[in-house]
Structures are given as structure tokens and as C-alpha cells.
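Take a look at the structure set out below.
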Amino acid sequence: MLNETGNQDASSQLVERWGQAFDEQLAQLAEKQIQIRRHLHSHPELSGEEVETTRFITANLRAAGLEPAVCRSDRDIETGTFADLTIGNAAPDSPLIGLRCDIDALPLLDAKSVAYRSMNPGATHACGHDGHTAIVLGTGLAAAALQRVWREKFKDQADAEPFGLRLRLIFQPAEETSFGADWLVAQGAMQGVDAILGLHVDPERLAGKAGIRYGVLTANCDDVEIVVEGRGGHAARPHHSVDPIAAASHLVGSLYEFLPRRVDSRHPAVLTFGSIHGGTTANVIPDSVELQGTLRTTDPVSRDTLKIEIDRICSGAELSTGARIRRRFFCPLGAVVNDPRVTALLEQSAKSVLGAENIDIIPLPSMGGEDFSVYLHHAPGAMLRLGCRPPGQDGHFLHSPKFDLDERVLSLGSRILLRTALLLSQQIRNSVSL
């Protein structure tokens, strides 16, 4: 009987054999994977409107012999899909590993001069979601091809290697608006999933490199709306009015000044207002001012504390200015907290594919938001940062109208995800608790 080290060695050898077989199938699909990405880049669709994108994905899945489940948005639009597949002789109750990507574009004009430039004015894949989709779809197509090879080799099943992997490919709409994950989860995308993996391309890293983050990867995000209601009047006689612009200015200053001193400074937290609207002309004091902002935190204690403090400071501003101040928090989005055991396997796979010298540990969390966090309420998982900047180029940051990626990372991303899924499946099969 093998000892623990022997089990690990045998498992690693098995994973490596299957990984190499997958690489062979993926190499045959390399050009198609690039074509998939370029098609998506040329035909971007905004959040909640990814109808043709979904049709394109499902057509490719069906052509590979899969049976995708098409999902619907909150407006009953067919957008988003997921599909299951098996590699090897996995039993029906074998671990199910989810691979998630996002499929929506941003409301930007494509400023690049490339053959696959956006053909949909006002929409651009400026956040790499076309690349994410090509990575997960390419993984699925290569895995389905590998399964066909396996079935041909082991027609009678008698000599089949006692190994199998079950995957769920999840193609999520509306990541940019943070609604899509909830839609898919409500329609069964996480039912039966034992662990989930994701990645995000990163133009701050060269193609061929990757970043691993243990613990908090992205921030909790809460949209904040504040309406300051005063009493309008003539600009020359402010004493006849309750000036909401003065009250709003006082409030923003107070929030920016005092909130940072209400929480542990070792935990990143920030409130930012990106929109302030009030008034229509220079000599009229308006009745109200509306502020729109975002609260970003990296731990639940700071999140709860700052919400209470915002309410308290708003109440104080009401007393000092005479204005009525209404506030609400909405569109809450939790932080992505990478599971340590899943992250360790993701790191192991990334080192196997890219080389240990090309992997670094991300020291600090991002203050951006990512609704991959929704899936983590249902199963442990982790997300990788995959470098995508072409060598010798400065590149452009995410959400830039000139953003592009080195397409060689598509196959690299697929290889990392598949190897991690193999390792996860083996770990769960060997009853190592996640």
C-alpha cells in the first residue's frame, strides 16, 4: 500500500500524463482558439445584452458534443451558459470542478488599428473578457477532443486507467455590472460544483508570467448614493435658502477627512465620489444635490464600521447645515477571497506551465471589484492574474480603449486551468478536505 508521499507522487504523475495529453489536443486547436478570441473581440456586446456572444459559444460547445444550458438575464434575455463534460472514466459522483469566465464588453470605442477591431460602435472588449472566454472555451474544446481520443482507445473500458475528471464550463454575462454571477447561480450554475477556478488577464505583467494571491484578491464593493435636500433660492441671498451645494461640500470633506480614522489603517479601505450633480445655472441655489460614490473595503469589519460611520457623519451634517440628507447603499459585492488550498494548486500548476521563475506572489489586494466572489459563497475557489503584455511593448491598462493582449496567453491560460482542475479532482478524490 502506498504511503502518503507515494500517493502524492502517483497522483502527480497521473496529472502530468493527462496534462500532456491535453496539451497535444490544445496545440491542434491553437489557431481556432485565437480565431475565437478575435471573433469575440470584433463582435462585443454590453452587460446583459450578450445574446449573439452566447449563441456563438453554445454553437461551439454543441459542435464539440456538449449540451450547454442557456441562461437568462433579469430581463428574460438569453445570455450566459454553462456546460458539463467528462474526461476519462469519471463516476457520476466524481468531483465537479468549475471553470468560470466572463463574456461582456465595456461601453467604449475601440481605438486600436487591428483587423479584429470592434465592429460594434460603443462596445469594446477592453477588459480581456474575450480572452477569458477563449481560454475557457478552448479548454472545453480540447478536453472534449481528448475525451473522444480516450473513448477510442478504451472502447471496452476494461483496460481504462482508473481516472476521470468532471468539468463545468461557466460563461457568465454582466460581470462589469456585477449582476451576471447571481443570475447564473440562481439558474443552477453552481449546483454540485466542488471547487471553482478563474483567471483575469493582467497587462501589468508580461505574457508568460502570472501573479498568485493568497487570501483577499479584490475588495468588497458598495455603491453609495447620497441626496442632499435643501431649499433653493437666489444666489445673492443665500440666507433665504438652505444651500445643498454648501452642505454637500461640507459632507464630502467630512467623509474624506474622518472615515480613514475610523478603521484599522492596516486594512485598505476607501470611499470615493465619482459624480456630484446639482443646479442648472450660476445664480440659482438648487433644491438638491445628488452624489454617487463607491465604498471599497477588504475586510467585513471595516465594511460594517464605515457604513455606520457614513450614516453618523451624514446625520451630523444634517444638524450643522439644516439640509436633509438621504443615503443608501446598493449593489453590494463581496471580496474575492482565494481559498488557500485551491490557490496552492493554482500556483503549482502555473509554475509547471510557466516556470517557477515567472510566478510571483501578489503582496497586496486590489481595490477593484469582481463578482467571481459570488461563486465562492457556494464552493472554494481561486483566481489567477495571467500576464498578457507583449514583450517590448508598454501595453495599455484594463479599461483603456487601446487595450489588447498577447494571444499566446490563451493556450497558457487553458493549460494552467486544466492542470489545476486535475490536481483539485485528485485531491478531493483522495479525501483531502478543502
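Note on naming: chains are A, B, ... as they come in the C-alpha cells, residues start from 1 per chain, ligands start from 1 in the order shown.
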Close residues, A:Ser349 itself excluded, 6 Å, only C-alpha atoms, min 3 positions apart in chain, as a list in words: Leu346, Ser352, Ile416, Arg419 and Thr420 of chain A
Identify, on the basis of only C-alpha atoms, every residue whose closest approach to A:Val15 does not exceed 10 Å; exclude the query and any residue fewer than 6 positions from it along the same chain; express the result as a PDB file with C-alpha atoms, in the first residue's frame.
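And here is the file that came out, selection26.pdb:
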```pdb
ATOM      1  CA  ASP A   9       3.846  11.041  -6.463  1.00  0.00           C
ATOM      2  CA  ALA A  21      -2.319  14.659 -23.486  1.00  0.00           C
ATOM      3  CA  PHE A 163      -9.044   8.222 -13.539  1.00  0.00           C
ATOM      4  CA  LEU A 418      -6.877  22.278 -16.745  1.00  0.00           C
ATOM      5  CA  ARG A 419      -3.871  21.186 -14.664  1.00  0.00           C
ATOM      6  CA  THR A 420      -5.310  22.846 -11.592  1.00  0.00           C
ATOM      7  CA  ALA A 421      -8.645  21.123 -12.172  1.00  0.00           C
ATOM      8  CA  LEU A 422      -6.831  17.785 -12.463  1.00  0.00           C
ATOM      9  CA  LEU A 423      -4.994  18.391  -9.187  1.00  0.00           C
ATOM     10  CA  SER A 425     -10.088  16.498  -8.592  1.00  0.00           C
ATOM     11  CA  GLN A 426      -7.356  14.177  -7.364  1.00  0.00           C
TER      12      GLN A 426
END
```
Given only C-alpha atoms as the counted atoms, nearest of A:Leu137, A:Leu106, A:Thr81, A:Asp74 to A:Ser414: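 Smallest distance to A:Ser414 is found for A:Leu137.
For the set A:Asp194, A:Glu347, A:Asp394, A:Glu24, the residue with the smallest atom-to-atom gap to A:Leu167 is A:Asp194, counting only C-alpha atoms.
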Atom pair atom CA of A:Val136 / atom CA of A:Gly180: separation (Å): 16.9 Å
Residues within 8 Å of A:Cys331, only C-alpha atoms, excluding chain neighbours under 4 positions, as a PyMOL selection string: chain A and resi 178+221-223
With C-alpha atoms retained, could you export that selection as an mmCIF file, in the first residue's frame?
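Okay, this is what ended up in selection_10.cif:
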```cif
data_model
loop_
_atom_site.group_PDB
_atom_site.id
_atom_site.type_symbol
_atom_site.label_atom_id
_atom_site.label_comp_id
_atom_site.auth_asym_id
_atom_site.auth_seq_id
_atom_site.Cartn_x
_atom_site.Cartn_y
_atom_site.Cartn_z
ATOM 1 C CA SER A 178 -21.821 42.708 -11.140
ATOM 2 C CA CYS A 221 -17.702 46.999 -3.144
ATOM 3 C CA ASP A 222 -20.791 49.001 -2.159
ATOM 4 C CA ASP A 223 -22.309 51.723 -4.312
#
```
Residues near A:Gly215, cut-off 7 Å, only C-alpha atoms, skip fewer than 4 positions along chain, as a list in words: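 Residues near the query, excluding close chain neighbours: Val337, Asn338, Asp339 and Pro340 of chain A.
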Under the rule of at most 6 Å, produce a per-residue listing of stretch 302-413 of chain A near stretch 197-210 of chain A: chain, number, name, the closest pair of atoms, and the distance in Å, as a tab-separated table, using only C-alpha atoms.
```
residue	atom	partner	partner_atom	distance
A:Asn358	CA	A:Lys209	CA	4.7
A:Ile359	CA	A:Ala210	CA	5.1
A:Gly381	CA	A:Leu197	CA	5.5
A:Ala382	CA	A:Leu197	CA	5.4
A:Met383	CA	A:Gly198	CA	4.6
A:Leu384	CA	A:Leu199	CA	4.4
A:Arg385	CA	A:His200	CA	5.1
A:Leu386	CA	A:Ala210	CA	4.5
A:Gly387	CA	A:Arg205	CA	4.3
A:Cys388	CA	A:Ala207	CA	4.2
A:Arg389	CA	A:Leu206	CA	4.5
A:Pro390	CA	A:Ala207	CA	5.9
A:Phe397	CA	A:Pro203	CA	5.9
```
Could you write those residues out with N, CA and C atoms, as a JSON list (two decimals), in the first residue's frame?
```json
[["chain", "number", "residue", "atom", "x", "y", "z"],
["A", 358, "ASN", "N", 8.77, 32.60, -13.23],
["A", 358, "ASN", "CA", 7.80, 33.53, -13.84],
["A", 358, "ASN", "C", 6.53, 33.72, -13.01],
["A", 359, "ILE", "N", 6.56, 33.19, -11.80],
["A", 359, "ILE", "CA", 5.40, 33.31, -10.90],
["A", 359, "ILE", "C", 5.79, 34.17, -9.70],
["A", 381, "GLY", "N", -12.58, 28.26, -4.05],
["A", 381, "GLY", "CA", -12.01, 28.52, -5.36],
["A", 381, "GLY", "C", -10.91, 29.55, -5.29],
["A", 382, "ALA", "N", -10.37, 29.88, -6.45],
["A", 382, "ALA", "CA", -9.30, 30.87, -6.52],
["A", 382, "ALA", "C", -9.21, 31.42, -7.93],
["A", 383, "MET", "N", -8.63, 32.62, -8.02],
["A", 383, "MET", "CA", -8.46, 33.30, -9.29],
["A", 383, "MET", "C", -7.00, 33.68, -9.46],
["A", 384, "LEU", "N", -6.52, 33.57, -10.69],
["A", 384, "LEU", "CA", -5.13, 33.85, -11.06],
["A", 384, "LEU", "C", -5.06, 35.14, -11.86],
["A", 385, "ARG", "N", -3.95, 35.87, -11.72],
["A", 385, "ARG", "CA", -3.65, 37.00, -12.59],
["A", 385, "ARG", "C", -2.66, 36.51, -13.66],
["A", 386, "LEU", "N", -3.09, 36.52, -14.92],
["A", 386, "LEU", "CA", -2.29, 36.00, -16.02],
["A", 386, "LEU", "C", -1.73, 37.15, -16.84],
["A", 387, "GLY", "N", -0.40, 37.28, -16.85],
["A", 387, "GLY", "CA", 0.23, 38.34, -17.62],
["A", 387, "GLY", "C", -0.13, 38.26, -19.09],
["A", 388, "CYS", "N", -0.36, 39.42, -19.72],
["A", 388, "CYS", "CA", -0.77, 39.41, -21.13],
["A", 388, "CYS", "C", -0.09, 40.50, -21.96],
["A", 389, "ARG", "N", 0.86, 41.23, -21.38],
["A", 389, "ARG", "CA", 1.51, 42.31, -22.13],
["A", 389, "ARG", "C", 2.55, 41.73, -23.08],
["A", 390, "PRO", "N", 2.51, 42.10, -24.37],
["A", 390, "PRO", "CA", 3.50, 41.59, -25.32],
["A", 390, "PRO", "C", 4.90, 42.09, -24.96],
["A", 397, "PHE", "N", -3.48, 49.72, -19.99],
["A", 397, "PHE", "CA", -4.16, 49.15, -18.83],
["A", 397, "PHE", "C", -5.56, 48.66, -19.18]]
```
Residues near stretch 278-281 of chain A, cut-off 10 Å, only C-alpha atoms, skip fewer than 2 positions along chain, as a PyMOL selection string: chain A and resi 227-228+232+235+244-245+248+276+283-291
Residue among A:Thr58, A:Asp130, A:Phe171, A:Leu14 lying closest to A:Gly88, counting only C-alpha atoms: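 Closest to A:Gly88 of all the choices is A:Leu14.
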